[in-house]
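Below you'll find the structure, written out as structure tokens, and then a few comments.
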Amino acid sequence: MVKQDTTQRFIFSDADIRGELVHLNQSYQTVIQQADYPENLRRLLGEAMCAVVLLTATLKFSGKLSLQLQGDGIVKLLLVQCTHQQEIRGLLQWQDNNEQLSFRELVQNASLAITIEPEKGTRYQGIVPLDGENLNQCLESYFLQSEQLPTRIWLTADAEGAAGMLIQKLPAKELKESRENKWEHITILAATTTPSELLTLSNETLLYRLFHSEEVRLFDTQPVIFKCTCSRERCEETIISLGTAEIEAIIREQGHIAITCEFCSTSYYFEIDRLQDLSREAAQKEKEDRSNPETR
């Protein structure tokens with residue numbers, strides 16, 4: 001039975017190779033129900049969600065990893081974020097889509113970036129060349145060029161769920177030809193998997209079908225959940241950042257404001273009394289900024 005909304009690590013006992021499997025169901029459904037996504041965009045969003053979970057699982061850090069694709073073509077914005085606790089959210093904005101368009105056609109004139117934001121330490125961003133026929137090929141090239149870690153990724157999604165698998169060659173403990181040959185052998189076996197098998201087979205069954213002649217150790221599953229980081233406090237910070245003049249204009253013209261989160265559709269409503277409070281806070285912030293030379 002497929003374990004829904006989980007990620008699970010596996011390693012090959014006699015090779016410097018690790019792997020990760022992910023299945024998303026409820027978290028995926030929560031995301032795609034936020035908009036009426038055409039089939040090809042829904043699939044792209046599901047694959048991106050799986051990719052972010054897989055990438056996060058390869059890192060030892062506390063923080064957030066984001067995959068962001070932005071452009072002026074069909075896909076205007078694709079943003080998926082996952083924390084080290086496997087809390088995920090995502091969205092996709094588009095225009096003029098045809099459901100028959102391929103990945104390359106969808107992402108024309110776009111750029112793709114992976115951003116790692118640790119809770120402590122320096123923010124890192126890497127640019128992913130969009131020169132592959134699909135998202136997983138682009139990410140494989142990124143790992144090979146930026147991380148010098150040969151990596152293979154398989155991603156798939158349908159109307160019900162999304163799934164993915166990653167295998168990665170680790171720095172060899174010993175330089176042995178047999179270990180190099182092992183990587184080639186494992187990737188050939190892994191490439192025989194099908195989208196249907198990724199989506200429907202349990203991890204145990206899939207790994208046995210692919211690698212029954214290998215020594216594979218499967219670790220415990222880790223849960224993946226949808227969790228949005230929006231809040232009333234964050235909305236208030238956004239309103240304050242508009243500045244006194246803009247807030248006062250909203251008060252005069254509308255008397256209130258409603259902010260709806262694009263990730264989870266939660267709406268936050270601010271009446272005139274609270275807007276006036278936020279206008280005063282914005283004025284105080286502007287005064288402090290003027291008196292601080294570093295902010296000029």
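Chain labels A, B, ... are given in the sequence in which chains occur in the structure tokens; within each chain residues are numbered consecutively from 1, and ligands are likewise numbered from 1 in the order shown.
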
Identify, on the basis of only C-alpha atoms, every residue whose closest approach to range 277-280 of chain A does not exceed 10 Å; exclude the query and any residue fewer than 6 positions from it along the same chain; express the result as a compact mmCIF listing (two decimals) with N, CA and C atoms, in the first residue's frame.
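File out35.txt, as written:
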```txt
# COMPACT_ATOMS: atom_id res chain seq x y z
N GLU A 236 -0.30 42.60 8.28
CA GLU A 236 -0.14 43.93 8.85
C GLU A 236 1.23 44.51 8.49
N GLU A 237 2.26 43.68 8.50
CA GLU A 237 3.59 44.14 8.10
C GLU A 237 3.59 44.60 6.64
N ILE A 239 0.97 45.78 4.99
CA ILE A 239 0.23 47.05 4.92
C ILE A 239 1.11 48.21 5.39
N ILE A 240 1.84 48.02 6.48
CA ILE A 240 2.72 49.07 6.98
C ILE A 240 3.78 49.42 5.93
N SER A 241 4.26 48.42 5.22
CA SER A 241 5.30 48.66 4.21
C SER A 241 4.79 49.51 3.04
N LEU A 242 3.47 49.60 2.88
CA LEU A 242 2.91 50.44 1.82
C LEU A 242 3.20 51.92 2.06
N GLY A 243 3.33 52.29 3.33
CA GLY A 243 3.59 53.69 3.67
C GLY A 243 2.33 54.43 4.04
N THR A 244 2.49 55.52 4.76
CA THR A 244 1.36 56.29 5.28
C THR A 244 0.45 56.79 4.17
N ALA A 245 1.02 57.33 3.11
CA ALA A 245 0.20 57.91 2.05
C ALA A 245 -0.72 56.87 1.41
N GLU A 246 -0.19 55.69 1.15
CA GLU A 246 -0.98 54.64 0.52
C GLU A 246 -2.07 54.13 1.47
N ILE A 247 -1.74 53.97 2.73
CA ILE A 247 -2.73 53.50 3.71
C ILE A 247 -3.85 54.52 3.86
N GLU A 248 -3.50 55.79 3.93
CA GLU A 248 -4.52 56.84 4.05
C GLU A 248 -5.41 56.88 2.82
N ILE A 251 -7.94 54.16 3.22
CA ILE A 251 -8.95 54.55 4.21
C ILE A 251 -9.97 55.48 3.57
N PHE A 270 -9.36 43.92 7.35
CA PHE A 270 -8.93 45.01 8.23
C PHE A 270 -9.91 46.17 8.11
N GLU A 286 8.49 55.52 9.23
CA GLU A 286 9.07 56.47 8.28
C GLU A 286 9.92 57.52 8.99
```

Would you return as a compact mmCIF listing (two decimals) with N, CA and C atoms, in the first residue's frame the members of range 23-270 of chain A that DSSP assigns to strand (DSSP E or B) on this structure's backbone?
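After the write, part_23.txt holds the following:
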```txt
# COMPACT_ATOMS: atom_id res chain seq x y z
N HIS A 23 5.70 10.61 -1.93
CA HIS A 23 4.33 10.50 -2.41
C HIS A 23 3.52 11.63 -1.78
N LEU A 24 2.83 12.40 -2.61
CA LEU A 24 2.00 13.50 -2.13
C LEU A 24 0.56 13.28 -2.59
N GLY A 63 15.58 25.28 8.04
CA GLY A 63 15.19 26.44 7.28
C GLY A 63 14.21 26.07 6.19
N LYS A 64 14.27 26.81 5.07
CA LYS A 64 13.29 26.67 4.00
C LYS A 64 14.00 26.64 2.65
N LEU A 65 13.51 25.77 1.78
CA LEU A 65 14.00 25.70 0.40
C LEU A 65 12.86 26.09 -0.53
N SER A 66 13.17 26.97 -1.49
CA SER A 66 12.16 27.42 -2.45
C SER A 66 12.61 27.12 -3.87
N LEU A 67 11.67 26.71 -4.69
CA LEU A 67 11.90 26.57 -6.12
C LEU A 67 10.98 27.58 -6.79
N GLN A 68 11.57 28.53 -7.53
CA GLN A 68 10.78 29.60 -8.13
C GLN A 68 11.08 29.74 -9.60
N LEU A 69 10.03 29.64 -10.41
CA LEU A 69 10.13 29.83 -11.85
C LEU A 69 9.32 31.07 -12.19
N GLN A 70 9.95 32.03 -12.85
CA GLN A 70 9.28 33.30 -13.12
C GLN A 70 9.58 33.74 -14.55
N GLY A 71 8.57 34.23 -15.25
CA GLY A 71 8.79 34.68 -16.61
C GLY A 71 7.62 35.48 -17.14
N VAL A 75 3.75 30.50 -18.19
CA VAL A 75 3.89 30.46 -16.73
C VAL A 75 4.49 31.78 -16.26
N LYS A 76 3.69 32.52 -15.51
CA LYS A 76 4.15 33.80 -14.97
C LYS A 76 4.95 33.58 -13.68
N LEU A 77 4.44 32.68 -12.84
CA LEU A 77 5.10 32.40 -11.57
C LEU A 77 4.76 31.00 -11.09
N LEU A 78 5.78 30.25 -10.78
CA LEU A 78 5.64 28.96 -10.10
C LEU A 78 6.51 29.05 -8.86
N LEU A 79 5.89 28.90 -7.70
CA LEU A 79 6.63 29.00 -6.44
C LEU A 79 6.21 27.87 -5.52
N VAL A 80 7.18 27.05 -5.14
CA VAL A 80 6.94 25.96 -4.19
C VAL A 80 7.99 26.06 -3.10
N GLN A 81 7.56 25.94 -1.85
CA GLN A 81 8.45 26.06 -0.70
C GLN A 81 8.27 24.87 0.23
N CYS A 82 9.39 24.43 0.82
CA CYS A 82 9.35 23.31 1.75
C CYS A 82 10.35 23.56 2.87
N THR A 83 9.95 23.32 4.10
CA THR A 83 10.85 23.48 5.24
C THR A 83 11.56 22.17 5.54
N GLU A 87 7.22 20.71 5.60
CA GLU A 87 5.98 21.48 5.50
C GLU A 87 6.02 22.21 4.16
N ILE A 88 5.00 21.98 3.34
CA ILE A 88 5.07 22.42 1.95
C ILE A 88 3.88 23.29 1.58
N ARG A 89 4.12 24.21 0.64
CA ARG A 89 3.04 24.99 0.04
C ARG A 89 3.48 25.38 -1.37
N GLY A 90 2.53 25.73 -2.23
CA GLY A 90 2.90 26.09 -3.59
C GLY A 90 1.78 26.77 -4.33
N LEU A 91 2.15 27.45 -5.42
CA LEU A 91 1.16 28.10 -6.29
C LEU A 91 1.74 28.24 -7.68
N LEU A 92 0.84 28.48 -8.65
CA LEU A 92 1.26 28.70 -10.03
C LEU A 92 0.32 29.73 -10.65
N GLN A 93 0.90 30.73 -11.30
CA GLN A 93 0.13 31.75 -12.01
C GLN A 93 0.46 31.65 -13.49
N TRP A 94 -0.56 31.78 -14.35
CA TRP A 94 -0.34 31.58 -15.77
C TRP A 94 -1.28 32.45 -16.60
N ALA A 110 11.42 32.16 -19.25
CA ALA A 110 11.37 32.11 -17.79
C ALA A 110 12.74 31.78 -17.21
N SER A 111 12.91 32.06 -15.94
CA SER A 111 14.13 31.68 -15.23
C SER A 111 13.73 30.86 -14.01
N LEU A 112 14.59 29.93 -13.62
CA LEU A 112 14.31 29.03 -12.50
C LEU A 112 15.42 29.14 -11.48
N ALA A 113 15.04 29.32 -10.23
CA ALA A 113 16.02 29.47 -9.16
C ALA A 113 15.66 28.58 -7.98
N ILE A 114 16.69 28.06 -7.33
CA ILE A 114 16.54 27.34 -6.07
C ILE A 114 17.15 28.21 -4.98
N THR A 115 16.37 28.50 -3.96
CA THR A 115 16.83 29.36 -2.87
C THR A 115 16.78 28.60 -1.56
N ILE A 116 17.87 28.61 -0.83
CA ILE A 116 17.94 27.97 0.49
C ILE A 116 18.08 29.06 1.54
N GLU A 117 17.14 29.10 2.47
CA GLU A 117 17.12 30.12 3.52
C GLU A 117 17.24 29.44 4.89
N PRO A 118 18.45 29.27 5.40
CA PRO A 118 18.61 28.64 6.71
C PRO A 118 18.13 29.56 7.82
N TYR A 124 21.29 31.30 0.30
CA TYR A 124 21.97 30.86 -0.93
C TYR A 124 20.95 30.72 -2.05
N GLN A 125 21.33 31.17 -3.25
CA GLN A 125 20.46 30.99 -4.41
C GLN A 125 21.26 30.47 -5.59
N GLY A 126 20.74 29.46 -6.23
CA GLY A 126 21.35 28.91 -7.43
C GLY A 126 20.40 29.00 -8.61
N ILE A 127 20.90 29.35 -9.78
CA ILE A 127 20.08 29.46 -10.98
C ILE A 127 20.12 28.14 -11.74
N VAL A 128 18.96 27.65 -12.11
CA VAL A 128 18.84 26.37 -12.80
C VAL A 128 18.58 26.62 -14.28
N THR A 151 23.20 13.11 -10.11
CA THR A 151 21.88 12.91 -9.52
C THR A 151 20.89 12.58 -10.63
N ARG A 152 20.01 11.62 -10.37
CA ARG A 152 18.91 11.31 -11.29
C ARG A 152 17.60 11.50 -10.54
N ILE A 153 16.63 12.08 -11.24
CA ILE A 153 15.35 12.40 -10.62
C ILE A 153 14.23 11.97 -11.55
N TRP A 154 13.19 11.36 -10.98
CA TRP A 154 11.98 11.00 -11.71
C TRP A 154 10.80 11.66 -11.01
N LEU A 155 9.95 12.34 -11.78
CA LEU A 155 8.81 13.07 -11.22
C LEU A 155 7.56 12.76 -12.05
N THR A 156 6.43 12.67 -11.37
CA THR A 156 5.17 12.45 -12.08
C THR A 156 4.01 12.95 -11.23
N ALA A 157 2.90 13.26 -11.89
CA ALA A 157 1.70 13.70 -11.18
C ALA A 157 0.49 13.47 -12.07
N ALA A 162 0.89 12.96 -6.64
CA ALA A 162 2.18 13.21 -7.27
C ALA A 162 3.22 12.34 -6.57
N ALA A 163 4.27 11.99 -7.30
CA ALA A 163 5.30 11.13 -6.73
C ALA A 163 6.64 11.42 -7.39
N GLY A 164 7.70 11.03 -6.70
CA GLY A 164 9.02 11.25 -7.25
C GLY A 164 10.06 10.35 -6.62
N MET A 165 11.16 10.18 -7.32
CA MET A 165 12.29 9.41 -6.81
C MET A 165 13.58 10.12 -7.19
N LEU A 166 14.51 10.11 -6.28
CA LEU A 166 15.84 10.68 -6.50
C LEU A 166 16.88 9.66 -6.10
N ILE A 167 17.90 9.51 -6.92
CA ILE A 167 19.09 8.76 -6.50
C ILE A 167 20.29 9.66 -6.75
N GLN A 168 21.24 9.59 -5.86
CA GLN A 168 22.38 10.51 -5.90
C GLN A 168 23.66 9.78 -5.54
N LYS A 169 24.68 10.06 -6.34
CA LYS A 169 25.99 9.48 -6.09
C LYS A 169 26.73 10.33 -5.08
N VAL A 216 19.59 -3.08 -0.43
CA VAL A 216 18.98 -1.76 -0.23
C VAL A 216 18.45 -1.67 1.20
N ARG A 217 18.81 -0.60 1.87
CA ARG A 217 18.32 -0.35 3.23
C ARG A 217 17.31 0.79 3.16
N LEU A 218 16.10 0.53 3.64
CA LEU A 218 15.02 1.51 3.60
C LEU A 218 14.79 2.06 5.01
N PHE A 219 14.81 3.38 5.13
CA PHE A 219 14.64 4.03 6.43
C PHE A 219 13.16 4.29 6.70
N ASP A 220 12.86 4.81 7.89
CA ASP A 220 11.47 5.10 8.25
C ASP A 220 10.92 6.25 7.40
N THR A 221 9.62 6.21 7.18
CA THR A 221 8.99 7.30 6.44
C THR A 221 8.91 8.56 7.31
N GLN A 222 8.93 9.71 6.64
CA GLN A 222 8.75 11.00 7.30
C GLN A 222 7.51 11.66 6.69
N PRO A 223 6.64 12.23 7.53
CA PRO A 223 5.41 12.82 7.00
C PRO A 223 5.67 14.14 6.27
N ILE A 225 3.43 17.54 5.07
CA ILE A 225 2.13 18.18 5.28
C ILE A 225 2.08 19.53 4.57
N PHE A 226 0.88 19.92 4.18
CA PHE A 226 0.69 21.27 3.67
C PHE A 226 0.60 22.21 4.87
N ILE A 257 -9.77 46.97 4.00
CA ILE A 257 -8.99 46.20 3.02
C ILE A 257 -9.06 44.73 3.39
N ALA A 258 -9.14 43.88 2.36
CA ALA A 258 -9.11 42.43 2.56
C ALA A 258 -7.92 41.87 1.79
N ILE A 259 -7.12 41.05 2.45
CA ILE A 259 -5.96 40.42 1.84
C ILE A 259 -6.18 38.91 1.84
N THR A 260 -6.12 38.31 0.67
CA THR A 260 -6.32 36.86 0.54
C THR A 260 -5.01 36.19 0.16
N SER A 267 -8.48 34.60 4.01
CA SER A 267 -8.65 36.04 3.87
C SER A 267 -8.51 36.73 5.22
N TYR A 268 -7.84 37.86 5.20
CA TYR A 268 -7.65 38.68 6.40
C TYR A 268 -8.29 40.04 6.14
N TYR A 269 -9.21 40.44 7.01
CA TYR A 269 -10.00 41.66 6.81
C TYR A 269 -9.60 42.71 7.83
N PHE A 270 -9.36 43.92 7.35
CA PHE A 270 -8.93 45.01 8.23
C PHE A 270 -9.91 46.17 8.11
```

Counting only C-alpha atoms, which residue out of A:Ala48, A:Cys264, A:Leu101, A:Cys235 sits closest to Thr30 in chain A?
A:Cys264

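Taking CA of Leu55 in chain A and CA of Leu135 in chain A as endpoints, the distance between them is 12.9 Å.
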
Considering only C-alpha atoms, return as a list in words whatever protein or nucleic-acid residues lie within 9 Å of Gln29 in chain A, sequence-local ones (same chain, fewer than 4 positions apart) excluded.
Leu24, Asn25, Gln33, Gln34, Ala159, Glu160 and Gly161 of chain A

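Nearest to Gly19 in chain A of all the residues A:Leu54, A:Asp131, A:Leu198, A:Arg123 is A:Leu54, counting only C-alpha atoms.
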
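CA of His84 in chain A lies 13.4 Å from CA of Thr6 in chain A.
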
Give me every helix (DSSP H, G or I) residue in range 61-272 of chain A, going by DSSP on the backbone, as an MDAnalysis selection string.
chainID A and resid 103:106 135:147 177:190 195:200 203:211 232:242 244:253 272

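Closest approach to Ser202 in chain A among A:Ala51, A:Val2, A:Leu275, A:Leu144 is made by A:Val2 (distances from only C-alpha atoms).
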